[in-house]
$ cat run.txt   # compact mmCIF, N, CA and C atoms and all ligand atoms
# COMPACT_ATOMS: atom_id res chain seq x y z
N MET A 195 -83.46 74.60 199.50
CA MET A 195 -82.09 75.10 199.63
C MET A 195 -81.40 75.07 198.27
N TYR A 196 -80.84 76.18 197.89
CA TYR A 196 -80.05 76.26 196.65
C TYR A 196 -78.58 76.01 196.98
N LYS A 197 -77.91 75.23 196.14
CA LYS A 197 -76.48 74.96 196.36
C LYS A 197 -75.72 75.12 195.05
N ILE A 198 -74.52 75.67 195.16
CA ILE A 198 -73.62 75.76 194.00
C ILE A 198 -72.23 75.27 194.42
N SER A 199 -71.46 74.85 193.44
CA SER A 199 -70.06 74.50 193.67
C SER A 199 -69.22 75.15 192.59
N LYS A 200 -68.10 75.69 192.99
CA LYS A 200 -67.17 76.31 192.04
C LYS A 200 -65.80 75.69 192.23
N ARG A 201 -65.20 75.24 191.13
CA ARG A 201 -63.84 74.69 191.18
C ARG A 201 -62.90 75.67 190.55
N ILE A 202 -61.80 75.94 191.21
CA ILE A 202 -60.78 76.80 190.62
C ILE A 202 -59.40 76.17 190.84
N GLU A 203 -58.48 76.53 189.96
CA GLU A 203 -57.10 76.07 190.10
C GLU A 203 -56.23 77.27 190.38
N ILE A 204 -55.38 77.11 191.38
CA ILE A 204 -54.48 78.19 191.78
C ILE A 204 -53.07 77.65 191.86
N SER A 205 -52.13 78.38 191.28
CA SER A 205 -50.71 78.04 191.41
C SER A 205 -50.14 78.90 192.52
N ALA A 206 -49.58 78.25 193.54
CA ALA A 206 -49.02 79.02 194.64
C ALA A 206 -48.00 78.19 195.40
N ALA A 207 -47.10 78.91 196.08
CA ALA A 207 -46.06 78.27 196.88
C ALA A 207 -46.40 78.39 198.37
N HIS A 208 -45.85 77.47 199.15
CA HIS A 208 -45.93 77.61 200.60
C HIS A 208 -44.82 76.79 201.24
N SER A 209 -44.56 77.09 202.48
CA SER A 209 -43.71 76.24 203.33
C SER A 209 -44.45 76.12 204.66
N LEU A 210 -44.35 74.94 205.25
CA LEU A 210 -45.12 74.68 206.47
C LEU A 210 -44.24 74.70 207.70
N LYS A 211 -44.80 75.22 208.78
CA LYS A 211 -44.14 75.14 210.09
C LYS A 211 -44.70 73.91 210.78
N THR A 212 -43.82 72.95 211.10
CA THR A 212 -44.27 71.74 211.79
C THR A 212 -43.37 71.49 213.00
N THR A 213 -43.87 70.72 213.93
CA THR A 213 -43.10 70.40 215.13
C THR A 213 -42.14 69.24 214.87
N TYR A 214 -42.15 68.73 213.64
CA TYR A 214 -41.28 67.61 213.26
C TYR A 214 -40.62 67.95 211.92
N GLU A 215 -39.51 67.28 211.61
CA GLU A 215 -38.82 67.49 210.34
C GLU A 215 -39.70 67.01 209.19
N SER A 216 -39.84 67.84 208.18
CA SER A 216 -40.68 67.46 207.04
C SER A 216 -40.16 68.15 205.79
N LEU A 217 -40.26 67.46 204.66
CA LEU A 217 -39.92 68.09 203.39
C LEU A 217 -40.78 69.33 203.17
N CYS A 218 -41.97 69.34 203.75
CA CYS A 218 -42.91 70.46 203.57
C CYS A 218 -42.44 71.73 204.27
N ASN A 219 -41.37 71.63 205.09
CA ASN A 219 -40.81 72.83 205.71
C ASN A 219 -40.09 73.70 204.67
N ASN A 220 -39.70 73.07 203.56
CA ASN A 220 -39.04 73.81 202.47
C ASN A 220 -40.07 74.46 201.57
N LEU A 221 -39.72 75.63 201.04
CA LEU A 221 -40.63 76.31 200.11
C LEU A 221 -40.84 75.43 198.88
N HIS A 222 -42.09 75.21 198.52
CA HIS A 222 -42.42 74.40 197.35
C HIS A 222 -43.78 74.84 196.82
N GLY A 223 -44.13 74.37 195.63
CA GLY A 223 -45.37 74.83 195.03
C GLY A 223 -46.34 73.71 194.72
N HIS A 224 -47.61 74.11 194.53
CA HIS A 224 -48.65 73.19 194.10
C HIS A 224 -49.54 73.90 193.08
N ASN A 225 -50.18 73.10 192.23
CA ASN A 225 -51.33 73.61 191.49
C ASN A 225 -52.55 73.14 192.29
N TRP A 226 -53.04 74.02 193.12
CA TRP A 226 -54.12 73.69 194.05
C TRP A 226 -55.44 73.63 193.30
N MET A 227 -56.19 72.55 193.51
CA MET A 227 -57.56 72.48 193.00
C MET A 227 -58.48 72.75 194.19
N ILE A 228 -59.24 73.80 194.11
CA ILE A 228 -60.07 74.22 195.24
C ILE A 228 -61.53 74.16 194.82
N THR A 229 -62.35 73.50 195.62
CA THR A 229 -63.79 73.44 195.35
C THR A 229 -64.52 74.16 196.48
N ILE A 230 -65.29 75.17 196.10
CA ILE A 230 -66.02 76.00 197.05
C ILE A 230 -67.50 75.65 196.94
N HIS A 231 -68.11 75.28 198.04
CA HIS A 231 -69.53 74.94 198.06
C HIS A 231 -70.29 76.03 198.82
N CYS A 232 -71.34 76.55 198.19
CA CYS A 232 -72.16 77.60 198.82
C CYS A 232 -73.62 77.17 198.80
N LYS A 233 -74.38 77.67 199.76
CA LYS A 233 -75.81 77.38 199.77
C LYS A 233 -76.58 78.56 200.33
N SER A 234 -77.84 78.64 199.93
CA SER A 234 -78.69 79.72 200.43
C SER A 234 -80.14 79.30 200.29
N GLU A 235 -80.95 79.68 201.28
CA GLU A 235 -82.39 79.40 201.22
C GLU A 235 -83.06 80.23 200.13
N THR A 236 -82.48 81.40 199.86
CA THR A 236 -83.06 82.31 198.87
C THR A 236 -82.00 82.73 197.87
N LEU A 237 -82.44 83.16 196.69
CA LEU A 237 -81.51 83.67 195.69
C LEU A 237 -81.40 85.19 195.82
N ASN A 238 -80.26 85.72 195.41
CA ASN A 238 -80.10 87.18 195.46
C ASN A 238 -80.88 87.83 194.31
N GLU A 239 -80.78 89.14 194.19
CA GLU A 239 -81.59 89.88 193.21
C GLU A 239 -81.25 89.50 191.77
N ASN A 240 -80.11 88.80 191.59
CA ASN A 240 -79.72 88.34 190.26
C ASN A 240 -80.07 86.87 190.01
N GLY A 241 -80.79 86.28 190.96
CA GLY A 241 -81.18 84.88 190.78
C GLY A 241 -80.07 83.89 191.06
N MET A 242 -79.10 84.29 191.88
CA MET A 242 -77.93 83.45 192.16
C MET A 242 -77.73 83.24 193.66
N VAL A 243 -77.02 82.15 194.00
CA VAL A 243 -76.49 82.00 195.35
C VAL A 243 -75.26 82.90 195.47
N GLU A 244 -74.32 82.72 194.56
CA GLU A 244 -73.13 83.58 194.42
C GLU A 244 -72.79 83.63 192.93
N ASP A 245 -72.15 84.70 192.52
CA ASP A 245 -71.66 84.80 191.15
C ASP A 245 -70.38 83.95 191.04
N PHE A 246 -70.39 82.93 190.18
CA PHE A 246 -69.21 82.04 190.05
C PHE A 246 -67.93 82.84 189.77
N SER A 247 -68.04 83.82 188.88
CA SER A 247 -66.82 84.55 188.52
C SER A 247 -66.34 85.45 189.66
N ALA A 248 -67.25 85.89 190.52
CA ALA A 248 -66.84 86.71 191.67
C ALA A 248 -66.05 85.87 192.67
N ILE A 249 -66.44 84.60 192.84
CA ILE A 249 -65.69 83.70 193.73
C ILE A 249 -64.29 83.51 193.16
N LYS A 250 -64.22 83.25 191.85
CA LYS A 250 -62.92 83.04 191.23
C LYS A 250 -62.02 84.26 191.36
N SER A 251 -62.56 85.43 191.08
CA SER A 251 -61.70 86.62 191.10
C SER A 251 -61.26 86.96 192.52
N LEU A 252 -62.13 86.74 193.50
CA LEU A 252 -61.75 86.98 194.90
C LEU A 252 -60.54 86.12 195.29
N LEU A 253 -60.59 84.83 194.93
CA LEU A 253 -59.54 83.92 195.37
C LEU A 253 -58.28 84.03 194.52
N THR A 254 -58.44 84.22 193.21
CA THR A 254 -57.23 84.33 192.38
C THR A 254 -56.49 85.63 192.70
N ARG A 255 -57.22 86.71 192.95
CA ARG A 255 -56.57 87.98 193.28
C ARG A 255 -55.72 87.82 194.54
N LYS A 256 -56.24 87.09 195.51
CA LYS A 256 -55.55 86.96 196.79
C LYS A 256 -54.44 85.89 196.77
N LEU A 257 -54.66 84.78 196.04
CA LEU A 257 -53.78 83.61 196.22
C LEU A 257 -52.97 83.19 195.00
N ASP A 258 -53.45 83.47 193.78
CA ASP A 258 -52.82 82.89 192.59
C ASP A 258 -51.43 83.46 192.33
N HIS A 259 -50.47 82.57 192.07
CA HIS A 259 -49.08 82.94 191.82
C HIS A 259 -48.48 83.75 192.97
N LYS A 260 -48.84 83.35 194.19
CA LYS A 260 -48.31 84.02 195.39
C LYS A 260 -47.58 82.99 196.25
N ASN A 261 -46.75 83.53 197.16
CA ASN A 261 -46.22 82.74 198.26
C ASN A 261 -47.25 82.85 199.38
N LEU A 262 -47.93 81.77 199.68
CA LEU A 262 -49.04 81.83 200.65
C LEU A 262 -48.58 82.25 202.04
N ASN A 263 -47.33 81.98 202.38
CA ASN A 263 -46.81 82.42 203.67
C ASN A 263 -46.76 83.94 203.77
N GLU A 264 -46.72 84.61 202.63
CA GLU A 264 -46.63 86.08 202.63
C GLU A 264 -48.01 86.74 202.59
N VAL A 265 -49.03 86.03 202.13
CA VAL A 265 -50.34 86.68 201.97
C VAL A 265 -51.40 86.16 202.95
N LEU A 266 -51.08 85.09 203.69
CA LEU A 266 -52.04 84.57 204.68
C LEU A 266 -51.41 84.65 206.07
N PRO A 267 -52.18 85.07 207.07
CA PRO A 267 -51.62 85.31 208.41
C PRO A 267 -51.63 84.06 209.29
N PHE A 268 -51.38 82.88 208.70
CA PHE A 268 -51.37 81.63 209.48
C PHE A 268 -50.52 80.61 208.74
N ASN A 269 -50.21 79.51 209.41
CA ASN A 269 -49.47 78.40 208.81
C ASN A 269 -50.32 77.83 207.66
N PRO A 270 -49.86 77.99 206.40
CA PRO A 270 -50.77 77.70 205.27
C PRO A 270 -50.87 76.21 204.90
N THR A 271 -51.37 75.42 205.85
CA THR A 271 -51.69 74.03 205.53
C THR A 271 -52.97 74.01 204.69
N ALA A 272 -53.20 72.91 204.00
CA ALA A 272 -54.43 72.80 203.19
C ALA A 272 -55.67 72.96 204.07
N GLU A 273 -55.61 72.42 205.30
CA GLU A 273 -56.74 72.53 206.22
C GLU A 273 -57.03 73.98 206.58
N ASN A 274 -55.96 74.72 206.94
CA ASN A 274 -56.14 76.13 207.32
C ASN A 274 -56.61 76.97 206.13
N ILE A 275 -56.11 76.65 204.94
CA ILE A 275 -56.53 77.38 203.74
C ILE A 275 -58.02 77.14 203.48
N ALA A 276 -58.46 75.89 203.64
CA ALA A 276 -59.88 75.56 203.42
C ALA A 276 -60.77 76.38 204.36
N LYS A 277 -60.40 76.46 205.63
CA LYS A 277 -61.21 77.23 206.58
C LYS A 277 -61.19 78.72 206.24
N TRP A 278 -60.03 79.22 205.88
CA TRP A 278 -59.91 80.64 205.56
C TRP A 278 -60.80 81.00 204.36
N ILE A 279 -60.79 80.16 203.33
CA ILE A 279 -61.64 80.42 202.16
C ILE A 279 -63.10 80.40 202.57
N CYS A 280 -63.48 79.43 203.37
CA CYS A 280 -64.88 79.32 203.81
C CYS A 280 -65.30 80.60 204.54
N ASP A 281 -64.41 81.16 205.32
CA ASP A 281 -64.72 82.37 206.09
C ASP A 281 -64.82 83.62 205.23
N GLN A 282 -64.29 83.59 203.99
CA GLN A 282 -64.31 84.76 203.12
C GLN A 282 -65.66 84.97 202.44
N ILE A 283 -66.46 83.91 202.34
CA ILE A 283 -67.69 83.95 201.55
C ILE A 283 -68.86 83.59 202.45
N PRO A 284 -69.76 84.53 202.71
CA PRO A 284 -70.82 84.31 203.70
C PRO A 284 -71.69 83.08 203.43
N THR A 285 -71.96 82.76 202.15
CA THR A 285 -72.84 81.62 201.86
C THR A 285 -72.08 80.29 201.80
N CYS A 286 -70.77 80.34 201.93
CA CYS A 286 -69.96 79.12 201.82
C CYS A 286 -70.14 78.24 203.05
N TYR A 287 -70.31 76.93 202.82
CA TYR A 287 -70.44 76.01 203.95
C TYR A 287 -69.39 74.90 203.91
N LYS A 288 -68.69 74.75 202.77
CA LYS A 288 -67.69 73.69 202.67
C LYS A 288 -66.66 74.05 201.61
N VAL A 289 -65.41 73.73 201.90
CA VAL A 289 -64.32 73.96 200.94
C VAL A 289 -63.41 72.74 200.93
N GLU A 290 -63.07 72.27 199.73
CA GLU A 290 -62.08 71.21 199.57
C GLU A 290 -60.84 71.80 198.92
N VAL A 291 -59.70 71.50 199.51
CA VAL A 291 -58.43 72.00 198.99
C VAL A 291 -57.57 70.79 198.65
N GLN A 292 -57.30 70.62 197.36
CA GLN A 292 -56.48 69.50 196.89
C GLN A 292 -55.13 70.04 196.49
N GLU A 293 -54.09 69.61 197.20
CA GLU A 293 -52.76 70.14 196.87
C GLU A 293 -51.99 69.20 195.94
N SER A 294 -52.40 67.94 195.87
CA SER A 294 -51.83 67.01 194.91
C SER A 294 -52.86 65.92 194.68
N GLU A 295 -52.55 65.02 193.75
CA GLU A 295 -53.52 64.00 193.35
C GLU A 295 -54.11 63.25 194.55
N ASN A 296 -53.29 62.96 195.54
CA ASN A 296 -53.74 62.10 196.64
C ASN A 296 -53.94 62.83 197.96
N ASN A 297 -53.74 64.14 197.98
CA ASN A 297 -53.82 64.89 199.25
C ASN A 297 -54.91 65.95 199.19
N ILE A 298 -55.97 65.70 199.93
CA ILE A 298 -57.12 66.61 199.93
C ILE A 298 -57.51 66.90 201.37
N ALA A 299 -57.70 68.19 201.67
CA ALA A 299 -58.23 68.58 202.98
C ALA A 299 -59.55 69.29 202.76
N SER A 300 -60.43 69.20 203.73
CA SER A 300 -61.68 69.95 203.59
C SER A 300 -62.07 70.54 204.92
N TYR A 301 -62.84 71.62 204.84
CA TYR A 301 -63.41 72.25 206.03
C TYR A 301 -64.90 72.42 205.76
N GLU A 302 -65.68 72.10 206.77
CA GLU A 302 -67.13 72.25 206.64
C GLU A 302 -67.66 72.93 207.88
N LYS A 303 -68.51 73.95 207.69
CA LYS A 303 -69.10 74.67 208.84
C LYS A 303 -70.08 73.78 209.57
ZN ZN B 401 -47.26 71.71 200.12
$ encode --input "run.txt" --output "structure tokens" --more "lines below"
Ligand SMILES: [Zn+2]
Amino acid sequence: MYKISKRIEISAAHSLKTTYESLCNNLHGHNWMITIHCKSETLNENGMVEDFSAIKSLLTRKLDHKNLNEVLPFNPTAENIAKWICDQIPTCYKVEVQESENNIASYEK
């Protein structure tokens, strides 16, 4: 099994919908550190699992310097963002989304 990991940083804003009062209900921003893990039994015709720069451009085009509430069709919690990213890349099996030093969510297939 071949495995790769790609780390990218994205600056983006969000506000969360919660059933309780939270500071996170207000629009605010993070410098998100996102780690994308991909794996494949075989390499593609270029000898890769995925092109690192293609992963970066896919995610920065969609998310970087955006209001995530406007570009994602769900409540943009770190957990939901991790699952959404995993679903965008066929070989992806795990995504970690770090919104601050101490707050990390991950999704694994
Ligand atoms: Zn936040």
$ residues_near_ligand --input "run.txt" --ligand "ligand ZN 401 (chain B)" --cutoff "7 Å" --atoms "only C-alpha atoms and all ligand atoms" --output "ChimeraX atom specification"
/A:208-209,218,222-224,293
$ write_last_selection --input "run.txt" --atoms "N, CA and C atoms" --output "PDB file, keeping the file's coordinate frame"
ATOM      1  N   HIS A 208     -45.850  77.470 199.150  1.00  0.00           N
ATOM      2  CA  HIS A 208     -45.930  77.610 200.600  1.00  0.00           C
ATOM      3  C   HIS A 208     -44.820  76.790 201.240  1.00  0.00           C
ATOM      4  N   SER A 209     -44.560  77.090 202.480  1.00  0.00           N
ATOM      5  CA  SER A 209     -43.710  76.240 203.330  1.00  0.00           C
ATOM      6  C   SER A 209     -44.450  76.120 204.660  1.00  0.00           C
ATOM      7  N   CYS A 218     -41.970  69.340 203.750  1.00  0.00           N
ATOM      8  CA  CYS A 218     -42.910  70.460 203.570  1.00  0.00           C
ATOM      9  C   CYS A 218     -42.440  71.730 204.270  1.00  0.00           C
ATOM     10  N   HIS A 222     -42.090  75.210 198.520  1.00  0.00           N
ATOM     11  CA  HIS A 222     -42.420  74.400 197.350  1.00  0.00           C
ATOM     12  C   HIS A 222     -43.780  74.840 196.820  1.00  0.00           C
ATOM     13  N   GLY A 223     -44.130  74.370 195.630  1.00  0.00           N
ATOM     14  CA  GLY A 223     -45.370  74.830 195.030  1.00  0.00           C
ATOM     15  C   GLY A 223     -46.340  73.710 194.720  1.00  0.00           C
ATOM     16  N   HIS A 224     -47.610  74.110 194.530  1.00  0.00           N
ATOM     17  CA  HIS A 224     -48.650  73.190 194.100  1.00  0.00           C
ATOM     18  C   HIS A 224     -49.540  73.900 193.080  1.00  0.00           C
ATOM     19  N   GLU A 293     -54.090  69.610 197.200  1.00  0.00           N
ATOM     20  CA  GLU A 293     -52.760  70.140 196.870  1.00  0.00           C
ATOM     21  C   GLU A 293     -51.990  69.200 195.940  1.00  0.00           C
TER      22      GLU A 293
END
$ atom_distance --input "run.txt" --atom1 "atom C of Trp278 in chain A" --atom2 "CA of Asn238 in chain A"
22.1 Å
$ closest_residue --input "run.txt" --among "A:His231, A:Lys250, A:Arg255, A:Lys260" --to "Cys280 in chain A" --atoms "only C-alpha atoms"
A:His231
$ closest_residue --input "run.txt" --among "A:Thr213, A:Thr229, A:Asn274, A:Ser247" --to "Glu290 in chain A" --atoms "only C-alpha atoms"
A:Thr229
$ closest_residue --input "run.txt" --among "A:Lys256, A:Lys288, A:Lys197, A:Lys277" --to "Val243 in chain A" --atoms "all atoms listed in the file"
A:Lys197
$ residues_near_point --input "run.txt" --point "(-67.6, 76.1, 191.5)" --cutoff "8 Å" --atoms "only N, CA and C atoms" --output "list in words"
Ile198, Ser199, Lys200, Arg201, Ile202, Ile228, Thr229, Ile230, His231, Cys232, Phe246 and Lys250 of chain A
$ write_last_selection --input "run.txt" --atoms "N, CA and C atoms" --output "PDB file, in the frame of the given file"
ATOM      1  N   ILE A 198     -74.520  75.670 195.160  1.00  0.00           N
ATOM      2  CA  ILE A 198     -73.620  75.760 194.000  1.00  0.00           C
ATOM      3  C   ILE A 198     -72.230  75.270 194.420  1.00  0.00           C
ATOM      4  N   SER A 199     -71.460  74.850 193.440  1.00  0.00           N
ATOM      5  CA  SER A 199     -70.060  74.500 193.670  1.00  0.00           C
ATOM      6  C   SER A 199     -69.220  75.150 192.590  1.00  0.00           C
ATOM      7  N   LYS A 200     -68.100  75.690 192.990  1.00  0.00           N
ATOM      8  CA  LYS A 200     -67.170  76.310 192.040  1.00  0.00           C
ATOM      9  C   LYS A 200     -65.800  75.690 192.230  1.00  0.00           C
ATOM     10  N   ARG A 201     -65.200  75.240 191.130  1.00  0.00           N
ATOM     11  CA  ARG A 201     -63.840  74.690 191.180  1.00  0.00           C
ATOM     12  C   ARG A 201     -62.900  75.670 190.550  1.00  0.00           C
ATOM     13  N   ILE A 202     -61.800  75.940 191.210  1.00  0.00           N
ATOM     14  CA  ILE A 202     -60.780  76.800 190.620  1.00  0.00           C
ATOM     15  C   ILE A 202     -59.400  76.170 190.840  1.00  0.00           C
ATOM     16  N   ILE A 228     -59.240  73.800 194.110  1.00  0.00           N
ATOM     17  CA  ILE A 228     -60.070  74.220 195.240  1.00  0.00           C
ATOM     18  C   ILE A 228     -61.530  74.160 194.820  1.00  0.00           C
ATOM     19  N   THR A 229     -62.350  73.500 195.620  1.00  0.00           N
ATOM     20  CA  THR A 229     -63.790  73.440 195.350  1.00  0.00           C
ATOM     21  C   THR A 229     -64.520  74.160 196.480  1.00  0.00           C
ATOM     22  N   ILE A 230     -65.290  75.170 196.100  1.00  0.00           N
ATOM     23  CA  ILE A 230     -66.020  76.000 197.050  1.00  0.00           C
ATOM     24  C   ILE A 230     -67.500  75.650 196.940  1.00  0.00           C
ATOM     25  N   HIS A 231     -68.110  75.280 198.040  1.00  0.00           N
ATOM     26  CA  HIS A 231     -69.530  74.940 198.060  1.00  0.00           C
ATOM     27  C   HIS A 231     -70.290  76.030 198.820  1.00  0.00           C
ATOM     28  N   CYS A 232     -71.340  76.550 198.190  1.00  0.00           N
ATOM     29  CA  CYS A 232     -72.160  77.600 198.820  1.00  0.00           C
ATOM     30  C   CYS A 232     -73.620  77.170 198.800  1.00  0.00           C
ATOM     31  N   PHE A 246     -70.390  82.930 190.180  1.00  0.00           N
ATOM     32  CA  PHE A 246     -69.210  82.040 190.050  1.00  0.00           C
ATOM     33  C   PHE A 246     -67.930  82.840 189.770  1.00  0.00           C
ATOM     34  N   LYS A 250     -64.220  83.250 191.850  1.00  0.00           N
ATOM     35  CA  LYS A 250     -62.920  83.040 191.230  1.00  0.00           C
ATOM     36  C   LYS A 250     -62.020  84.260 191.360  1.00  0.00           C
TER      37      LYS A 250
END
